[in-house]
Each structure stands twice: as structure tokens, then as C-alpha cells.
file entry38.txt (compact mmCIF, C-alpha atoms (C1' of nucleotides))
# COMPACT_ATOMS: atom_id res chain seq x y z
CA MET A 811 -38.45 58.31 -19.50
CA ARG A 812 -35.05 59.42 -20.67
CA ILE A 813 -31.69 58.18 -19.60
CA GLY A 814 -31.21 60.62 -16.77
CA ALA A 815 -34.45 59.58 -15.13
CA LEU A 816 -33.64 55.89 -15.54
CA SER A 817 -30.23 56.55 -14.05
CA GLN A 818 -31.82 58.20 -11.04
CA ARG A 819 -34.44 55.52 -10.60
CA THR A 820 -31.94 52.69 -10.80
CA GLY A 821 -28.87 54.30 -9.30
CA VAL A 822 -26.94 53.19 -12.35
CA SER A 823 -24.82 55.74 -14.19
CA GLU A 824 -25.84 56.90 -17.64
CA ARG A 825 -22.54 55.64 -18.93
CA ALA A 826 -23.32 52.18 -17.62
CA LEU A 827 -26.80 52.25 -19.14
CA ARG A 828 -25.36 53.10 -22.55
CA TYR A 829 -22.81 50.38 -22.06
CA TYR A 830 -25.53 47.84 -21.33
CA GLU A 831 -27.24 48.82 -24.54
CA GLU A 832 -23.96 48.53 -26.42
CA GLN A 833 -23.63 45.00 -25.04
CA GLY A 834 -27.12 44.09 -26.16
CA LEU A 835 -28.62 43.99 -22.68
CA LEU A 836 -30.96 46.90 -23.09
CA SER A 837 -32.81 48.21 -26.12
CA PRO A 838 -34.66 51.43 -25.49
CA LEU A 839 -36.73 53.04 -28.19
CA ARG A 840 -35.33 56.12 -29.84
CA ARG A 841 -36.96 59.45 -30.33
CA PRO A 842 -36.48 61.12 -33.71
CA SER A 843 -33.82 63.18 -32.03
CA GLY A 844 -31.91 60.05 -31.11
CA TYR A 845 -32.74 60.34 -27.42
CA ARG A 846 -33.25 57.02 -25.73
CA GLU A 847 -36.74 56.44 -24.37
CA TYR A 848 -37.09 53.92 -21.57
CA THR A 849 -40.16 52.31 -20.07
CA ASP A 850 -40.87 51.15 -16.55
CA GLU A 851 -40.05 47.67 -17.78
CA HIS A 852 -36.51 48.79 -18.37
CA VAL A 853 -36.20 49.67 -14.71
CA HIS A 854 -36.78 46.01 -13.92
CA THR A 855 -34.42 44.93 -16.65
CA VAL A 856 -31.69 47.10 -15.24
CA ARG A 857 -32.28 45.62 -11.80
CA SER A 858 -31.97 42.16 -13.29
CA ILE A 859 -28.75 43.15 -14.98
CA ARG A 860 -27.35 44.49 -11.73
CA THR A 861 -28.38 41.33 -9.96
CA LEU A 862 -26.62 39.15 -12.49
CA LEU A 863 -23.57 41.40 -12.58
CA ALA A 864 -23.42 41.23 -8.80
CA ALA A 865 -23.54 37.48 -9.17
CA GLY A 866 -20.33 37.72 -11.11
CA LEU A 867 -21.77 37.04 -14.54
CA GLY A 868 -20.23 38.93 -17.44
CA THR A 869 -22.27 41.01 -19.82
CA ALA A 870 -21.91 38.40 -22.54
CA THR A 871 -23.42 35.73 -20.32
CA ILE A 872 -26.13 38.11 -19.22
CA ALA A 873 -26.89 38.85 -22.85
CA ASP A 874 -27.41 35.11 -23.29
CA VAL A 875 -29.63 34.58 -20.30
CA LEU A 876 -31.57 37.82 -20.22
CA PRO A 877 -33.91 37.00 -23.12
CA CYS A 878 -34.84 33.84 -21.27
CA MET A 879 -35.64 35.56 -18.05
CA VAL A 880 -39.10 36.36 -16.96
CA GLU A 881 -40.14 38.31 -13.93
CA GLU A 882 -42.51 36.91 -11.45
CA GLY A 883 -43.26 39.07 -8.48
CA GLY A 884 -39.86 40.65 -8.47
CA GLN A 885 -38.32 37.23 -8.76
CA LEU A 886 -36.39 36.23 -11.78
CA ALA A 887 -37.17 32.86 -13.18
CA ALA A 888 -35.46 30.82 -15.84
CA ALA A 889 -37.64 29.93 -18.75
CA CYS A 890 -35.21 27.81 -20.72
CA PRO A 891 -33.55 24.49 -19.91
CA ASP A 892 -30.35 25.57 -21.66
CA LEU A 893 -30.26 28.55 -19.39
CA LEU A 894 -30.46 26.34 -16.36
CA VAL A 895 -27.26 24.65 -17.39
CA ASP A 896 -25.50 27.98 -17.69
CA LEU A 897 -26.87 29.21 -14.41
CA ALA A 898 -25.80 26.04 -12.66
CA ARG A 899 -22.32 26.50 -14.04
CA GLU A 900 -22.23 30.06 -12.78
CA ARG A 901 -23.48 28.90 -9.44
CA ASP A 902 -20.62 26.45 -9.21
CA ARG A 903 -18.20 29.18 -10.11
CA ILE A 904 -19.53 31.35 -7.32
CA THR A 905 -19.27 28.50 -4.89
CA ALA A 906 -15.68 27.96 -5.90
CA ALA A 907 -14.95 31.64 -5.47
CA MET A 908 -16.50 31.55 -2.03
CA ASN A 909 -14.35 28.59 -1.07
CA GLU A 910 -11.26 30.45 -2.19
CA LEU A 911 -12.25 33.43 -0.12
CA ARG A 912 -12.96 31.23 2.84
CA ALA A 913 -9.53 29.65 2.58
CA ALA A 914 -7.96 33.08 2.24
CA ARG A 915 -9.76 34.34 5.28
CA GLU A 916 -8.68 31.34 7.28
CA MET A 917 -5.12 32.08 6.29
CA LEU A 918 -5.49 35.63 7.46
CA ASP A 919 -7.07 34.44 10.70
CA ALA A 920 -4.16 32.10 11.25
CA ILE A 921 -1.72 34.95 10.71
CA ILE A 922 -3.63 37.19 13.06
CA ALA A 923 -3.83 34.55 15.73
CA ALA A 924 -0.27 33.32 15.36
CA PRO A 925 1.97 34.00 18.34
CA VAL A 926 4.90 36.29 17.64
CA PRO A 927 8.16 34.42 18.22
CA PRO A 928 10.07 36.19 20.99
CA GLU A 929 13.36 36.32 19.14
CA ALA A 930 11.73 38.25 16.33
CA ALA A 931 9.82 40.64 18.51
CA GLY A 932 12.31 43.47 18.44
CA THR A 933 14.02 42.89 15.12
CA LEU A 934 11.34 44.09 12.80
CA ASP A 935 10.55 47.35 11.19
CA CYS A 936 7.32 48.11 12.88
CA ASP A 937 7.39 51.88 12.70
CA GLU A 938 4.82 53.91 10.94
CA ALA A 939 7.39 54.53 8.21
CA VAL A 940 6.23 51.48 6.43
CA GLY A 941 7.88 50.30 3.29
CA THR A 942 11.31 51.70 4.03
CA ALA A 943 12.68 48.36 5.09
CA PHE A 944 13.73 47.66 1.55
CA GLY A 945 15.85 50.74 1.04
CA ALA A 946 13.85 52.14 -1.81
CA PRO A 947 10.61 53.92 -0.92
CA PRO A 948 7.73 52.86 -3.16
CA VAL A 949 6.68 56.48 -3.54
CA PRO A 950 9.59 58.76 -4.42
CA SER A 951 9.45 62.31 -3.08
CA PRO A 952 7.54 64.59 -5.48
CA MET B 25 20.09 31.39 -7.00
CA ARG B 26 19.01 33.30 -10.07
CA ILE B 27 15.54 34.21 -11.12
CA GLY B 28 14.91 31.09 -13.19
CA ALA B 29 15.67 28.83 -10.26
CA LEU B 30 13.49 30.86 -7.92
CA SER B 31 10.74 30.72 -10.47
CA GLN B 32 10.99 26.95 -10.62
CA ARG B 33 11.16 26.54 -6.87
CA THR B 34 8.15 28.75 -6.26
CA GLY B 35 6.10 28.11 -9.36
CA VAL B 36 5.88 31.85 -9.86
CA SER B 37 6.76 33.29 -13.25
CA GLU B 38 9.89 35.33 -13.70
CA ARG B 39 7.75 38.21 -14.83
CA ALA B 40 5.81 38.08 -11.60
CA LEU B 41 9.00 37.97 -9.54
CA ARG B 42 10.32 41.07 -11.29
CA TYR B 43 6.95 42.68 -10.75
CA TYR B 44 7.08 41.95 -7.03
CA GLU B 45 10.47 43.61 -6.90
CA GLU B 46 9.13 46.59 -8.81
CA GLN B 47 6.39 46.89 -6.21
CA GLY B 48 8.87 46.75 -3.36
CA LEU B 49 7.94 43.28 -2.18
CA LEU B 50 11.22 41.59 -2.99
CA SER B 51 14.77 42.93 -2.97
CA PRO B 52 17.29 40.49 -4.34
CA LEU B 53 20.97 41.35 -4.46
CA ARG B 54 22.44 42.13 -7.83
CA ARG B 55 25.50 40.64 -9.44
CA PRO B 56 27.85 43.03 -11.20
CA SER B 57 26.18 41.89 -14.38
CA GLY B 58 22.84 43.06 -13.10
CA TYR B 59 21.54 39.53 -12.59
CA ARG B 60 19.29 39.17 -9.58
CA GLU B 61 20.61 36.87 -6.88
CA TYR B 62 18.07 35.31 -4.56
CA THR B 63 18.51 33.45 -1.30
CA ASP B 64 16.50 30.63 0.25
CA GLU B 65 14.83 33.26 2.36
CA HIS B 66 13.35 34.75 -0.75
CA VAL B 67 11.62 31.46 -1.44
CA HIS B 68 9.72 31.91 1.78
CA THR B 69 9.06 35.54 1.05
CA VAL B 70 7.57 34.64 -2.31
CA ARG B 71 5.36 32.07 -0.62
CA SER B 72 4.20 34.72 1.80
CA ILE B 73 3.46 37.05 -1.06
CA ARG B 74 1.42 34.40 -2.82
CA THR B 75 -0.47 33.66 0.36
CA LEU B 76 -1.36 37.29 0.86
CA LEU B 77 -2.22 37.77 -2.80
CA ALA B 78 -4.44 34.73 -2.63
CA ALA B 79 -6.09 36.35 0.37
CA GLY B 80 -7.06 39.19 -1.89
CA LEU B 81 -4.55 41.76 -0.65
CA GLY B 82 -3.06 44.09 -3.22
CA THR B 83 0.67 44.52 -3.67
CA ALA B 84 0.59 47.91 -1.98
CA THR B 85 -0.95 46.42 1.15
CA ILE B 86 1.45 43.53 1.03
CA ALA B 87 4.33 45.96 0.79
CA ASP B 88 3.05 47.48 4.00
CA VAL B 89 2.61 44.30 5.93
CA LEU B 90 5.48 42.19 4.61
CA PRO B 91 8.23 43.89 6.62
CA CYS B 92 6.28 43.01 9.74
CA MET B 93 5.78 39.37 8.93
CA VAL B 94 7.76 36.57 10.40
CA GLU B 95 7.69 32.93 9.56
CA GLU B 96 7.29 30.26 12.13
CA GLY B 97 7.20 26.69 10.99
CA GLY B 98 5.64 27.57 7.69
CA GLN B 99 3.14 29.78 9.43
CA LEU B 100 3.14 33.50 8.96
CA ALA B 101 2.82 35.61 12.05
CA ALA B 102 2.27 39.29 12.50
CA ALA B 103 4.90 41.05 14.55
CA CYS B 104 3.33 44.49 14.74
CA PRO B 105 0.09 45.65 16.36
CA ASP B 106 -0.48 48.13 13.56
CA LEU B 107 -0.31 45.27 11.16
CA LEU B 108 -3.02 43.44 13.05
CA VAL B 109 -5.33 46.35 12.42
CA ASP B 110 -4.65 46.20 8.70
CA LEU B 111 -5.10 42.46 8.60
CA ALA B 112 -8.34 42.68 10.50
CA ARG B 113 -9.57 45.24 7.99
CA GLU B 114 -8.66 42.93 5.14
CA ARG B 115 -10.41 40.12 6.90
CA ASP B 116 -13.54 42.19 7.12
CA ARG B 117 -13.25 43.00 3.46
CA ILE B 118 -13.04 39.32 2.61
CA THR B 119 -16.03 38.59 4.81
CA ALA B 120 -18.00 41.30 3.03
CA ALA B 121 -17.01 39.88 -0.34
CA MET B 122 -18.12 36.45 0.79
CA ASN B 123 -21.45 37.82 1.88
CA GLU B 124 -21.94 39.44 -1.50
CA LEU B 125 -21.16 36.19 -3.20
CA ARG B 126 -23.49 34.34 -0.90
CA ALA B 127 -26.31 36.74 -1.70
CA ALA B 128 -25.57 36.46 -5.40
CA ARG B 129 -25.58 32.69 -5.24
CA GLU B 130 -28.86 32.68 -3.39
CA MET B 131 -30.33 34.85 -6.10
CA LEU B 132 -29.09 32.43 -8.74
CA ASP B 133 -30.48 29.53 -6.77
CA ALA B 134 -33.82 31.24 -6.56
CA ILE B 135 -33.81 31.82 -10.30
CA ILE B 136 -32.91 28.22 -10.96
CA ALA B 137 -35.54 26.89 -8.60
CA ALA B 138 -38.26 29.33 -9.64
CA PRO B 139 -41.24 27.81 -11.44
CA VAL B 140 -41.65 28.91 -15.01
CA PRO B 141 -44.88 30.88 -15.37
CA PRO B 142 -47.08 29.00 -17.81
CA GLU B 143 -48.06 32.07 -19.75
CA ALA B 144 -44.43 32.78 -20.48
CA ALA B 145 -43.43 29.25 -21.33
CA GLY B 146 -43.75 29.60 -25.06
CA THR B 147 -43.19 33.29 -25.53
CA LEU B 148 -39.49 33.50 -25.02
CA ASP B 149 -36.55 33.33 -27.29
CA CYS B 150 -34.92 30.19 -26.08
CA ASP B 151 -33.28 29.18 -29.33
CA GLU B 152 -29.59 29.13 -29.88
CA ALA B 153 -29.96 32.39 -31.79
CA VAL B 154 -29.44 34.32 -28.62
CA GLY B 155 -29.56 38.07 -28.44
CA THR B 156 -32.02 38.65 -31.22
CA ALA B 157 -34.92 39.15 -28.88
CA PHE B 158 -34.19 42.85 -28.72
CA GLY B 159 -34.66 43.63 -32.35
CA ALA B 160 -31.28 45.25 -32.87
CA PRO B 161 -28.29 42.96 -33.17
CA PRO B 162 -25.47 44.06 -30.88
CA VAL B 163 -23.01 43.79 -33.73
CA PRO B 164 -24.19 45.70 -36.79
CA SER B 165 -23.14 44.43 -40.19
CA PRO B 166 -19.89 45.97 -41.31
C1' DG C 785 -35.92 83.12 -28.84
C1' DT C 786 -32.84 82.29 -25.65
C1' DT C 787 -30.83 80.18 -21.92
C1' DG C 788 -29.70 76.25 -19.31
C1' DA C 789 -30.33 71.54 -18.53
C1' DC C 790 -30.27 67.41 -20.89
C1' DT C 791 -28.64 64.11 -24.33
C1' DC C 792 -25.99 62.30 -28.24
C1' DT C 793 -21.69 59.87 -30.23
C1' DG C 794 -17.07 58.81 -30.10
C1' DA C 795 -12.84 57.86 -27.94
C1' DC C 796 -9.33 57.69 -24.57
C1' DA C 797 -8.31 56.59 -19.42
C1' DT C 798 -8.58 53.55 -15.32
C1' DC C 799 -7.23 49.58 -12.25
C1' DG C 800 -4.04 45.09 -11.22
C1' DA C 801 -1.22 41.46 -11.82
C1' DC C 802 0.86 40.02 -14.83
C1' DG C 803 1.87 38.05 -20.46
C1' DT C 804 4.68 38.79 -24.23
C1' DG C 805 8.11 40.29 -27.28
C1' DA C 806 12.09 43.11 -28.81
C1' DG C 807 16.81 43.99 -28.59
C1' DG C 808 20.82 43.14 -26.29
C1' DG C 809 24.25 41.43 -22.51
C1' DT C 810 26.04 37.07 -19.40
C1' DT C 811 27.05 32.58 -18.00
C1' DT C 812 28.39 27.97 -18.67
C1' DA C 813 29.07 23.50 -20.69
C1' DG C 814 31.61 21.32 -24.31
C1' DC D 308 35.96 29.77 -28.26
C1' DT D 309 31.43 29.13 -29.27
C1' DA D 310 26.74 28.05 -28.91
C1' DA D 311 22.95 27.45 -26.02
C1' DA D 312 20.72 28.83 -22.23
C1' DC D 313 19.95 32.34 -19.28
C1' DC D 314 19.15 37.09 -17.89
C1' DC D 315 18.54 42.21 -18.39
C1' DT D 316 15.43 46.47 -19.27
C1' DC D 317 11.89 48.75 -21.51
C1' DA D 318 7.31 48.93 -23.00
C1' DC D 319 2.99 47.79 -24.83
C1' DG D 320 -1.14 44.39 -24.42
C1' DT D 321 -4.80 42.14 -21.60
C1' DC D 322 -9.63 41.94 -19.52
C1' DG D 323 -14.24 44.37 -18.03
C1' DA D 324 -17.15 47.66 -16.45
C1' DT D 325 -17.12 51.93 -16.16
C1' DG D 326 -15.20 57.33 -15.68
C1' DT D 327 -14.47 61.29 -18.17
C1' DC D 328 -14.00 64.61 -21.62
C1' DA D 329 -15.01 66.98 -26.10
C1' DG D 330 -17.90 68.78 -29.43
C1' DA D 331 -22.43 69.10 -30.94
C1' DG D 332 -27.50 68.63 -31.08
C1' DT D 333 -32.22 68.83 -28.29
C1' DC D 334 -35.71 69.90 -25.00
C1' DA D 335 -38.23 72.80 -21.63
C1' DA D 336 -39.27 76.92 -19.39
C1' DC D 337 -39.37 81.81 -19.43
call {"tool": "encode", "arguments": {"input": "entry38.txt", "output": "C-alpha cells"}}
result
Amino acid sequence: MRIGALSQRTGVSERALRYYEEQGLLSPLRRPSGYREYTDEHVHTVRSIRTLLAAGLGTATIADVLPCMVEEGGQLAAACPDLLVDLARERDRITAAMNELRAAREMLDAIIAAPVPPEAAGTLDCDEAVGTAFGAPPVPSP
Amino acid sequence: MRIGALSQRTGVSERALRYYEEQGLLSPLRRPSGYREYTDEHVHTVRSIRTLLAAGLGTATIADVLPCMVEEGGQLAAACPDLLVDLARERDRITAAMNELRAAREMLDAIIAAPVPPEAAGTLDCDEAVGTAFGAPPVPSP
DNA sequence: GTTGACTCTGACATCGACGTGAGGGTTTAG
DNA sequence: CTAAACCCTCACGTCGATGTCAGAGTCAAC
């Protein structure tokens, strides 16, 4: 199939698919005309790429791990010990990111739940004209 | 105090402090020379900004909510109902981001824990020469 | 063969919170 | 008074995964 069909089947833009190839993540055959020719296998590869991108891995890392991936019933599996180290590191990174988000959310929750001190209740600029409290509007009139 | 002192007291770079002002988050007085003059209050404001930034809010959102914030014993509180709506929306956004990360981490965990199919054990390019499995090197010789 | 849909390769634009450096005034300690 | 330290305003650079546009070639149906 050509790039448009792959784009439709994966929901990934053609631009992104070309970008993946540029980054060494995807290597379609080429017709004599230069058109990219993809196989059904590439559909799975693209899904793997999206999965890893969603996991927060960069294309460079994905380029490292992708050759070591093998599909098993829709499930990616790591075929190399070195890869496991990388994946574990990424996993830790994700965990750390989650902890940061959790802390941030708790902060927000605390703000939301905090009682408003009575002496400040009427002194604040709570109108819909937000942002004018500083004197200079962030968006000047066009 | 001047910007260097505020930077030291908050641990925020001078560049960032000027950026916050540019975004309407901070409005120090100006000396005749043009030097910014900050008060102790600004120290708290900067802390609030960092808190909200750490929570994943953008400067535009912070510019909206900051005029409605009040400090109470080191704890930020929302003084406007409208603000609560915004904060709740941000909270939901953070929760969604956490869920994405959780899903991504579970995928990584599954990959890590997945058994390596025997028939694929020796067929993959697990050497340090990564990226050559596709036939075309991502960086062509110049 | 012709039209219209599809594809190609560049290459510049985007977003966000700053980093960094140039070129030039200001403050302050000695 | 002078030198060092501090501060000012531009303004461009960063990172990463795309969006978008231009100009040109290709494929499929009629």
C-alpha cells in the first residue's frame, strides 16, 4: 500500500510517517517512481512506534529498541537483554513523571479545597475581565 | 530588592523572572534607571508561579488565575468561583495525563515481562550496531 | 490523453519556557 | 573617581514531533 492508505489505516499523518522513516524507524520499499510501498507489517510497526512514543520515548530511543522488538499476538516483546536495561530506565522515567504529576495534582487539590480567608474575600479581582489586575492587558487591542 | 536578589531568594533565573513579567505574571516597580524593584510579596508570587507551573499550567492560564489567588500560611487558596472551574479543568487534565502515563508504563512493563519467542531469539539485530536492521542507514554518507 | 487524485522532496513554521550573548547603562564599594 | 558588579533591552537559539506550503512528478480512471 502507499502512504495515504497507511496513513488511513493507522491514523498517523503522512508527514509523521515520512518523519519516522527519516528517523530510521520505518523503511518502506520504493517503487521506481520513488513512491513508498508499505506492507501490512508496517501497520504493526507504526502501531509499535505510536505505543513507544505514547510511552514518552523519543524517536532516537525507539530507533534503538525497535530492531529488537518482536510481535507476539499483538504484544511487543523485548528480544535483547540490552534493550531490557533501556526499557527499565524508561519505565523509571515514566514513574518519576507520574509522581511529579501526582504531586502537582495534590497541590491543585489543596488549592481548590483551601478555605478563602474572609479578609481577602472582597479584595480580589474576580471579574471576568481577567488579567487586567496588572495594568497592562496581555493581549493589546488589535 | 533587585532582580538578582529575587533570583537568589527564589532559585529562579533572572531570565525566567523577566519572562514572567513579559507574560503578565509579575509586575515589579521600576526605578528611574529602569531597574526592576521587587518586594517580599513578589517572592511569594514567584513561589506561586512555580507551583502552578509545576502543576503543568501554562503561563497564560497562570496569568488568569494568579490575580485570584491568595496565600494563607504558605498555602495557596482560590478566591474566585470561576477560578475553581479552571483549576478543576486543569486537575482533570493532569489526571488524564497520569492515566496516559500509566497506560504507557503498563505497556512497557508488558514488553519487559513478555517471554522472548524462541524462533525469534537469534534472528534479531541485538548488537551495538543499532539501526542497521533496516538496510538503509538513517544518516547517509556525506 | 487528459484530468484529478496522489505522491515526492525540500524547507520553513509551530509551541513553551526559558538559555545565551551582544551592546550598553547603573550602582556601589574602595 | 574608578572598577567591578549589577542591570537593561533586544533578539536569536533550543528541543521534538509534527503542520504546512511550494513546485514538480506519477498513477488511475474515463
call {"tool": "residues_around", "arguments": {"input": "entry38.txt", "residues": "segment 794-796 of chain C", "least_positions_apart": "4", "cutoff": "10 Å", "atoms": "only C-alpha atoms (C1' of nucleotides)", "output": "PyMOL selection string"}}
result
chain D and resi 327-329
call {"tool": "residues_around", "arguments": {"input": "entry38.txt", "residues": "DA335 of chain D", "least_positions_apart": "5", "cutoff": "10 Å", "atoms": "only C-alpha atoms (C1' of nucleotides)", "output": "list of chain:residue names"}}
result
C:DG788, C:DA789, C:DC790
call {"tool": "residues_around", "arguments": {"input": "entry38.txt", "residues": "DA801 of chain C", "least_positions_apart": "6", "cutoff": "12 Å", "atoms": "all atoms listed in the file", "output": "short mmCIF file (atom, residue, chain, number, x, y, z; two decimals) with C-alpha atoms (C1' of nucleotides), keeping the file's coordinate frame"}}
result
data_model
loop_
_atom_site.label_atom_id
_atom_site.label_comp_id
_atom_site.auth_asym_id
_atom_site.auth_seq_id
_atom_site.Cartn_x
_atom_site.Cartn_y
_atom_site.Cartn_z
CA SER B 37 6.76 33.29 -13.25
CA ARG B 39 7.75 38.21 -14.83
CA ALA B 40 5.81 38.08 -11.60
CA LEU B 41 9.00 37.97 -9.54
CA ARG B 42 10.32 41.07 -11.29
CA TYR B 43 6.95 42.68 -10.75
CA TYR B 44 7.08 41.95 -7.03
CA GLU B 46 9.13 46.59 -8.81
CA GLN B 47 6.39 46.89 -6.21
CA ARG B 74 1.42 34.40 -2.82
CA LEU B 77 -2.22 37.77 -2.80
CA ALA B 78 -4.44 34.73 -2.63
CA GLY B 80 -7.06 39.19 -1.89
CA LEU B 81 -4.55 41.76 -0.65
CA GLY B 82 -3.06 44.09 -3.22
CA THR B 83 0.67 44.52 -3.67
CA ALA B 84 0.59 47.91 -1.98
"C1'" DT D 321 -4.80 42.14 -21.60
"C1'" DC D 322 -9.63 41.94 -19.52
#
call {"tool": "residues_around", "arguments": {"input": "entry38.txt", "residues": "Arg846 of chain A", "least_positions_apart": "4", "cutoff": "7 Å", "atoms": "all atoms listed in the file", "output": "JSON list (two decimals) with C-alpha atoms, keeping the file's coordinate frame"}}
result
[["chain", "number", "residue", "atom", "x", "y", "z"],
["A", 812, "ARG", "CA", -35.05, 59.42, -20.67],
["A", 813, "ILE", "CA", -31.69, 58.18, -19.60],
["A", 838, "PRO", "CA", -34.66, 51.43, -25.49],
["A", 839, "LEU", "CA", -36.73, 53.04, -28.19],
["A", 840, "ARG", "CA", -35.33, 56.12, -29.84],
["A", 841, "ARG", "CA", -36.96, 59.45, -30.33]]
call {"tool": "closest_atom_pairs", "arguments": {"input": "entry38.txt", "of": "chain C", "to": "chain B", "cutoff": "10 Å", "atoms": "only C-alpha atoms (C1' of nucleotides)", "output": "Markdown table"}}
result
| residue | atom | partner | partner_atom | distance |
| --- | --- | --- | --- | --- |
| C:DG800 | C1' | B:Gly82 | CA | 8.1 |
| C:DA801 | C1' | B:Ala40 | CA | 7.8 |
| C:DC802 | C1' | B:Ala40 | CA | 6.2 |
| C:DG803 | C1' | B:Arg39 | CA | 8.1 |
| C:DT804 | C1' | B:Arg39 | CA | 9.9 |
| C:DG809 | C1' | B:Ser57 | CA | 8.4 |
| C:DT810 | C1' | B:Ser57 | CA | 7.0 |
call {"tool": "write_last_selection", "arguments": {"input": "entry38.txt", "atoms": "C-alpha atoms (C1' of nucleotides)", "output": "short mmCIF file (atom, residue, chain, number, x, y, z; two decimals), in the frame of the given file"}}
result
data_model
loop_
_atom_site.label_atom_id
_atom_site.label_comp_id
_atom_site.auth_asym_id
_atom_site.auth_seq_id
_atom_site.Cartn_x
_atom_site.Cartn_y
_atom_site.Cartn_z
"C1'" DG C 800 -4.04 45.09 -11.22
"C1'" DA C 801 -1.22 41.46 -11.82
"C1'" DC C 802 0.86 40.02 -14.83
"C1'" DG C 803 1.87 38.05 -20.46
"C1'" DT C 804 4.68 38.79 -24.23
"C1'" DG C 809 24.25 41.43 -22.51
"C1'" DT C 810 26.04 37.07 -19.40
#
call {"tool": "interface_residues", "arguments": {"input": "entry38.txt", "of": "chain D", "to": "chain A", "cutoff": "8 Å", "atoms": "all atoms listed in the file", "output": "list in words"}}
result
DA324, DT325 and DT333 of chain D
call {"tool": "write_last_selection", "arguments": {"input": "entry38.txt", "atoms": "C-alpha atoms (C1' of nucleotides)", "output": "CSV table (one decimal), keeping the file's coordinate frame"}}
result
chain,number,residue,atom,x,y,z
D,324,DA,C1',-17.2,47.7,-16.4
D,325,DT,C1',-17.1,51.9,-16.2
D,333,DT,C1',-32.2,68.8,-28.3
call {"tool": "closest_residue", "arguments": {"input": "entry38.txt", "among": "A:Arg899, A:Ser837, A:His854, A:Ile859", "to": "chain B", "atoms": "only C-alpha atoms"}}
result
A:Ser837
call {"tool": "closest_residue", "arguments": {"input": "entry38.txt", "among": "B:Asp88, B:Thr69, B:Tyr62, B:Val109", "to": "chain A", "atoms": "all atoms listed in the file"}}
result
B:Asp88
call {"tool": "atom_distance", "arguments": {"input": "entry38.txt", "atom1": "atom C1' of DG330 of chain D", "atom2": "atom C1' of DT786 of chain C"}}
result
20.5 Å
call {"tool": "closest_residue", "arguments": {"input": "entry38.txt", "among": "B:Pro56, B:Gly35, B:Gly48, B:Gly28", "to": "chain A", "atoms": "all atoms listed in the file"}}
result
B:Gly48
call {"tool": "residues_around", "arguments": {"input": "entry38.txt", "residues": "Arg33 of chain B", "least_positions_apart": "3", "cutoff": "10 Å", "atoms": "all atoms listed in the file", "output": "ChimeraX atom specification"}}
result
/B:27-30,36,64,67,70
call {"tool": "closest_residue", "arguments": {"input": "entry38.txt", "among": "A:Ala923, A:Thr861, A:Met879, A:Ala914", "to": "chain B", "atoms": "only C-alpha atoms"}}
result
A:Ala914
call {"tool": "closest_residue", "arguments": {"input": "entry38.txt", "among": "A:His852, A:Asp919, A:Met811, A:Ala865", "to": "chain B", "atoms": "all atoms listed in the file"}}
result
A:Ala865
call {"tool": "atom_distance", "arguments": {"input": "entry38.txt", "atom1": "atom CA of Pro91 of chain B", "atom2": "atom CA of Ala920 of chain A"}}
result
17.7 Å
call {"tool": "decode", "arguments": {"input": "entry38.txt", "residues": "segment 64-81 of chain B", "atoms": "C-alpha atoms", "output": "PDB file, in the first residue's frame"}}
result
ATOM      1  CA  ASP B  64       8.852  40.440  49.619  1.00  0.00           C
ATOM      2  CA  GLU B  65       5.403  39.835  48.255  1.00  0.00           C
ATOM      3  CA  HIS B  66       6.909  39.061  44.910  1.00  0.00           C
ATOM      4  CA  VAL B  67       8.865  36.245  46.496  1.00  0.00           C
ATOM      5  CA  HIS B  68       5.584  34.599  47.349  1.00  0.00           C
ATOM      6  CA  THR B  69       4.165  35.347  43.948  1.00  0.00           C
ATOM      7  CA  VAL B  70       7.127  33.683  42.299  1.00  0.00           C
ATOM      8  CA  ARG B  71       6.636  30.651  44.511  1.00  0.00           C
ATOM      9  CA  SER B  72       3.016  30.521  43.469  1.00  0.00           C
ATOM     10  CA  ILE B  73       4.022  30.741  39.844  1.00  0.00           C
ATOM     11  CA  ARG B  74       6.468  27.886  40.250  1.00  0.00           C
ATOM     12  CA  THR B  75       3.852  25.816  41.996  1.00  0.00           C
ATOM     13  CA  LEU B  76       1.366  26.327  39.206  1.00  0.00           C
ATOM     14  CA  LEU B  77       3.979  25.761  36.527  1.00  0.00           C
ATOM     15  CA  ALA B  78       4.988  22.567  38.257  1.00  0.00           C
ATOM     16  CA  ALA B  79       1.333  21.597  38.170  1.00  0.00           C
ATOM     17  CA  GLY B  80       1.529  21.786  34.416  1.00  0.00           C
ATOM     18  CA  LEU B  81      -0.346  25.051  33.930  1.00  0.00           C
TER      19      LEU B  81
END
